[in-house]
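Structure data follow from target.cif (mmCIF, C-alpha atoms):
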```
data_protein
loop_
_atom_site.label_atom_id
_atom_site.label_comp_id
_atom_site.auth_asym_id
_atom_site.auth_seq_id
_atom_site.Cartn_x
_atom_site.Cartn_y
_atom_site.Cartn_z
CA MET A 918 5.29 10.04 -18.28
CA LYS A 919 7.54 10.80 -15.33
CA ASP A 920 10.32 8.26 -14.62
CA GLU A 921 10.55 8.64 -10.82
CA TRP A 922 7.76 6.53 -9.35
CA TYR A 923 8.08 5.36 -5.75
CA THR A 924 6.61 1.89 -5.36
CA PRO A 925 4.23 1.59 -2.38
CA ALA A 926 5.29 -0.78 0.40
CA TRP A 927 2.07 -2.81 0.13
CA ILE A 928 3.47 -4.13 -3.18
CA THR A 929 7.08 -4.78 -2.21
CA ASP A 930 6.72 -5.92 1.42
CA PRO A 931 4.99 -9.25 0.60
CA LEU A 932 7.73 -10.07 -1.92
CA GLY A 933 10.48 -10.52 0.67
CA ASP A 934 14.01 -9.18 0.80
CA PHE A 935 15.92 -7.91 -2.22
CA ASP A 936 19.67 -7.51 -2.64
CA LEU A 937 19.60 -4.79 -5.29
CA ASP A 938 17.38 -2.06 -6.73
CA PRO A 939 19.19 -0.85 -9.87
CA ALA A 940 16.63 1.87 -10.69
CA ALA A 941 15.91 3.36 -7.27
CA PRO A 942 14.33 6.82 -7.20
CA VAL A 943 16.39 9.81 -6.16
CA GLY A 944 15.47 11.32 -2.82
CA LYS A 945 13.89 10.08 0.38
CA HIS A 946 11.88 6.91 0.05
CA GLN A 947 11.51 3.53 1.65
CA ALA A 948 14.55 1.46 0.68
CA ILE A 949 13.41 -1.71 -1.04
CA ALA A 950 16.79 -3.44 -1.37
CA LYS A 951 20.06 -3.65 0.56
CA LYS A 952 21.89 -1.86 -2.29
CA GLU A 953 20.43 0.81 -4.58
CA TYR A 954 21.53 2.56 -7.74
CA THR A 955 19.84 5.82 -8.76
CA LYS A 956 19.97 7.50 -12.16
CA GLN A 957 23.17 9.24 -11.00
CA ASP A 958 24.77 5.78 -10.59
CA ASP A 959 23.34 4.55 -13.93
CA GLY A 960 22.16 1.10 -12.92
CA LEU A 961 22.56 -0.12 -16.49
CA LYS A 962 26.33 0.33 -16.25
CA GLN A 963 26.61 -1.37 -12.86
CA ASP A 964 27.03 -5.06 -12.09
CA TRP A 965 23.83 -6.63 -10.80
CA HIS A 966 23.98 -9.20 -8.03
CA GLY A 967 21.60 -11.37 -6.04
CA ARG A 968 17.83 -10.99 -6.00
CA VAL A 969 16.81 -7.80 -7.82
CA TRP A 970 13.77 -5.55 -7.43
CA LEU A 971 13.19 -3.47 -10.55
CA ASN A 972 10.69 -0.68 -11.12
CA PRO A 973 12.32 0.55 -14.34
CA PRO A 974 12.03 4.01 -15.85
CA PHE A 975 8.92 3.91 -18.06
CA SER A 976 10.41 6.08 -20.82
CA HIS A 977 12.02 4.65 -23.92
CA PRO A 978 14.67 3.43 -24.55
CA ALA A 979 15.49 3.20 -20.81
CA MET A 980 12.64 0.79 -20.02
CA ARG A 981 13.60 -1.63 -22.78
CA LEU A 982 17.26 -1.57 -21.70
CA PHE A 983 16.45 -2.22 -18.03
CA VAL A 984 14.03 -5.04 -18.94
CA LYS A 985 16.68 -6.59 -21.20
CA LYS A 986 19.29 -6.47 -18.42
CA MET A 987 16.81 -7.96 -15.92
CA SER A 988 16.05 -10.84 -18.30
CA ARG A 989 19.76 -11.55 -18.62
CA HIS A 990 20.28 -11.34 -14.86
CA GLY A 991 17.46 -13.86 -14.36
CA ASN A 992 16.84 -13.44 -10.62
CA GLY A 993 14.25 -11.01 -9.30
CA ILE A 994 10.88 -9.34 -9.65
CA MET A 995 10.09 -6.40 -11.90
CA LEU A 996 7.13 -4.04 -12.14
CA VAL A 997 5.91 -3.22 -15.67
CA LEU A 998 2.95 -1.45 -17.23
CA ASN A 999 0.21 -3.60 -18.75
CA ARG A 1000 0.89 -2.54 -22.29
CA GLY A 1001 3.32 -3.42 -25.00
CA PHE A 1002 2.55 -7.14 -24.99
CA ASP A 1003 3.03 -7.08 -28.77
CA SER A 1004 6.33 -5.18 -28.66
CA ALA A 1005 9.66 -6.85 -29.39
CA TRP A 1006 11.04 -6.09 -25.90
CA PHE A 1007 8.04 -7.68 -24.18
CA GLN A 1008 8.07 -10.72 -26.46
CA ASP A 1009 11.84 -11.23 -26.21
CA TYR A 1010 12.62 -10.33 -22.60
CA ILE A 1011 9.45 -11.19 -20.73
CA PHE A 1012 7.53 -13.87 -22.63
CA GLY A 1013 10.82 -15.36 -23.78
CA LYS A 1014 12.62 -15.34 -20.43
CA ALA A 1015 10.43 -14.74 -17.35
CA ASP A 1016 8.98 -17.51 -15.19
CA ALA A 1017 5.67 -15.87 -14.17
CA ILE A 1018 3.58 -12.71 -14.40
CA LEU A 1019 1.18 -11.45 -11.74
CA PHE A 1020 -1.39 -9.16 -13.37
CA LEU A 1021 -2.28 -6.91 -10.43
CA ARG A 1022 -5.95 -6.21 -9.79
CA GLY A 1023 -6.74 -2.50 -9.80
CA ARG A 1024 -4.46 0.45 -10.33
CA ILE A 1025 -1.42 1.37 -8.24
CA LYS A 1026 -1.23 4.68 -6.42
CA PHE A 1027 2.48 5.46 -6.56
CA ILE A 1028 4.20 7.62 -3.94
CA ASP A 1029 5.61 11.12 -4.60
CA PRO A 1030 8.97 12.36 -3.22
CA SER A 1031 7.29 13.83 -0.11
CA GLY A 1032 5.83 10.41 0.75
CA LYS A 1033 2.30 11.36 -0.31
CA GLU A 1034 0.18 8.92 -2.27
CA MET A 1035 -0.47 10.15 -5.79
CA GLY A 1036 -3.52 9.49 -7.95
CA SER A 1037 -4.01 6.09 -9.53
CA SER A 1038 -1.81 5.10 -12.42
CA PRO A 1039 -3.63 5.56 -15.75
CA ILE A 1040 -2.48 2.06 -16.75
CA GLY A 1041 -2.58 -1.22 -14.84
CA CYS A 1042 0.66 -2.91 -13.79
CA SER A 1043 2.07 -6.39 -13.50
CA LEU A 1044 4.87 -8.01 -11.56
CA VAL A 1045 7.22 -10.20 -13.59
CA ALA A 1046 9.26 -12.95 -11.92
CA TYR A 1047 12.59 -14.26 -13.14
CA GLY A 1048 13.62 -17.54 -11.51
CA ALA A 1049 11.48 -20.38 -10.15
CA GLU A 1050 11.69 -19.15 -6.54
CA ASN A 1051 10.51 -15.67 -7.52
CA ALA A 1052 7.63 -17.22 -9.48
CA ARG A 1053 6.64 -19.17 -6.35
CA ILE A 1054 6.78 -15.96 -4.30
CA LEU A 1055 4.47 -14.20 -6.79
CA GLU A 1056 2.00 -17.08 -6.59
CA GLN A 1057 1.96 -17.04 -2.78
CA CYS A 1058 2.45 -13.34 -1.90
CA GLY A 1059 -1.23 -12.56 -1.37
CA LEU A 1060 -1.38 -9.58 -3.74
CA LYS A 1061 -4.69 -9.46 -5.60
CA GLY A 1062 -4.58 -10.37 -9.25
CA LYS A 1063 -4.00 -13.29 -11.59
CA CYS A 1064 -0.64 -15.07 -11.61
CA ILE A 1065 0.28 -16.91 -14.80
CA LYS A 1066 3.26 -19.25 -15.03
CA LEU A 1067 5.28 -18.78 -18.19
CA LYS A 1068 7.65 -21.70 -17.56
CA THR A 1069 6.92 -25.06 -16.06
CA GLU A 1070 9.39 -26.73 -13.77
CA ASN A 1071 10.89 -30.05 -14.85
CA VAL A 1072 9.56 -32.90 -12.77
#
```

As a first step, turn the structure in this file into structure tokens.
Amino acid sequence: MKDEWYTPAWITDPLGDFDLDPAAPVGKHQAIAKKEYTKQDDGLKQDWHGRVWLNPPFSHPAMRLFVKKMSRHGNGIMLVLNRGFDSAWFQDYIFGKADAILFLRGRIKFIDPSGKEMGSSPIGCSLVAYGAENARILEQCGLKGKCIKLKTENV
């Protein structure tokens, strides 16, 4: 599977402003965050700050490493494929750390480097929230799907 997938604006726009995209695609695309790192910058070696948007590379081991770093950063929203729920990385860095998951209804049509919509993804996707505020945003963003809280707030 190709690692450069441009996330359509209909997904990211309702999620608000992001400070950093540590796995931004190379080339022309709609900027999702104020600061971006591409594969030339190696987002895994950079310091992450603020609220992060992450559409990680889907190849291994890159995906696992980006997901691990996001779980340690603890502030942002990440797009993942709906598979691997039984894998160690999913169990340890999503179920063990994230605050909520929004299982998106339907399949995403990612954007190619020319700005053209590609065919539907062969696998469904979810948005994973780290931090209580990001979980609230997922619950209220209006994207179709089922949002499940993984952590409950102390009352």

Residues of region 958-1022 of chain A at most 6 Å from region 1057-1062 of chain A: nearest atom pair and distance in Å, all atoms listed in the file, as a Markdown table:
```
| residue | atom | partner | partner_atom | distance |
| --- | --- | --- | --- | --- |
| A:Phe1020 | CA | A:Gly1062 | CA | 5.3 |
| A:Leu1021 | CA | A:Gly1062 | CA | 4.3 |
| A:Arg1022 | CA | A:Gly1062 | CA | 4.4 |
```

Subject >> Answer key for the PyMOL selection byres ((chain A and resi 935) around 9), residues as a PyMOL selection string >> reply: chain A and resi 932-934+936-938+949-952+967-970+993

**OP:** Could you expand the PyMOL selection byres ((chain A and resi 1026-1028) around 9) into the explicit residues it covers here, written as a PyMOL selection string?
**Re:** chain A and resi 922-925+946+1024-1025+1029-1038

Any chance you could work out the residue set of the PyMOL selection byres ((chain A and resi 995) around 12) here, as a PDB file with C-alpha atoms, in the coordinates of the input?
```pdb
ATOM      1  CA  THR A 924       6.610   1.890  -5.360  1.00  0.00           C
ATOM      2  CA  ILE A 928       3.470  -4.130  -3.180  1.00  0.00           C
ATOM      3  CA  THR A 929       7.080  -4.780  -2.210  1.00  0.00           C
ATOM      4  CA  LEU A 932       7.730 -10.070  -1.920  1.00  0.00           C
ATOM      5  CA  PHE A 935      15.920  -7.910  -2.220  1.00  0.00           C
ATOM      6  CA  LEU A 937      19.600  -4.790  -5.290  1.00  0.00           C
ATOM      7  CA  ASP A 938      17.380  -2.060  -6.730  1.00  0.00           C
ATOM      8  CA  PRO A 939      19.190  -0.850  -9.870  1.00  0.00           C
ATOM      9  CA  ALA A 940      16.630   1.870 -10.690  1.00  0.00           C
ATOM     10  CA  ARG A 968      17.830 -10.990  -6.000  1.00  0.00           C
ATOM     11  CA  VAL A 969      16.810  -7.800  -7.820  1.00  0.00           C
ATOM     12  CA  TRP A 970      13.770  -5.550  -7.430  1.00  0.00           C
ATOM     13  CA  LEU A 971      13.190  -3.470 -10.550  1.00  0.00           C
ATOM     14  CA  ASN A 972      10.690  -0.680 -11.120  1.00  0.00           C
ATOM     15  CA  PRO A 973      12.320   0.550 -14.340  1.00  0.00           C
ATOM     16  CA  PRO A 974      12.030   4.010 -15.850  1.00  0.00           C
ATOM     17  CA  MET A 980      12.640   0.790 -20.020  1.00  0.00           C
ATOM     18  CA  PHE A 983      16.450  -2.220 -18.030  1.00  0.00           C
ATOM     19  CA  VAL A 984      14.030  -5.040 -18.940  1.00  0.00           C
ATOM     20  CA  LYS A 985      16.680  -6.590 -21.200  1.00  0.00           C
ATOM     21  CA  LYS A 986      19.290  -6.470 -18.420  1.00  0.00           C
ATOM     22  CA  MET A 987      16.810  -7.960 -15.920  1.00  0.00           C
ATOM     23  CA  SER A 988      16.050 -10.840 -18.300  1.00  0.00           C
ATOM     24  CA  HIS A 990      20.280 -11.340 -14.860  1.00  0.00           C
ATOM     25  CA  GLY A 991      17.460 -13.860 -14.360  1.00  0.00           C
ATOM     26  CA  ASN A 992      16.840 -13.440 -10.620  1.00  0.00           C
ATOM     27  CA  GLY A 993      14.250 -11.010  -9.300  1.00  0.00           C
ATOM     28  CA  ILE A 994      10.880  -9.340  -9.650  1.00  0.00           C
ATOM     29  CA  LEU A 996       7.130  -4.040 -12.140  1.00  0.00           C
ATOM     30  CA  VAL A 997       5.910  -3.220 -15.670  1.00  0.00           C
ATOM     31  CA  LEU A 998       2.950  -1.450 -17.230  1.00  0.00           C
ATOM     32  CA  TYR A1010      12.620 -10.330 -22.600  1.00  0.00           C
ATOM     33  CA  ILE A1011       9.450 -11.190 -20.730  1.00  0.00           C
ATOM     34  CA  ALA A1015      10.430 -14.740 -17.350  1.00  0.00           C
ATOM     35  CA  ASP A1016       8.980 -17.510 -15.190  1.00  0.00           C
ATOM     36  CA  ALA A1017       5.670 -15.870 -14.170  1.00  0.00           C
ATOM     37  CA  ILE A1018       3.580 -12.710 -14.400  1.00  0.00           C
ATOM     38  CA  LEU A1019       1.180 -11.450 -11.740  1.00  0.00           C
ATOM     39  CA  PHE A1020      -1.390  -9.160 -13.370  1.00  0.00           C
ATOM     40  CA  CYS A1042       0.660  -2.910 -13.790  1.00  0.00           C
ATOM     41  CA  SER A1043       2.070  -6.390 -13.500  1.00  0.00           C
ATOM     42  CA  LEU A1044       4.870  -8.010 -11.560  1.00  0.00           C
ATOM     43  CA  VAL A1045       7.220 -10.200 -13.590  1.00  0.00           C
ATOM     44  CA  ALA A1046       9.260 -12.950 -11.920  1.00  0.00           C
ATOM     45  CA  TYR A1047      12.590 -14.260 -13.140  1.00  0.00           C
ATOM     46  CA  GLY A1048      13.620 -17.540 -11.510  1.00  0.00           C
ATOM     47  CA  ASN A1051      10.510 -15.670  -7.520  1.00  0.00           C
ATOM     48  CA  ALA A1052       7.630 -17.220  -9.480  1.00  0.00           C
ATOM     49  CA  LEU A1055       4.470 -14.200  -6.790  1.00  0.00           C
TER      50      LEU A1055
END
```

**OP:** Quick one: pull the distance between CA of Glu953 (chain A) and CA of Gly1013 (chain A), Å, one decimal.
**Re:**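 Interatomic distance, CA of Glu953 (chain A) to CA of Gly1013 (chain A): 26.9 Å.
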
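Closest approach to Pro931 (chain A) among A:Asp1003, A:Asp1009, A:Asp964, A:Glu1056: A:Glu1056, based on only C-alpha atoms.
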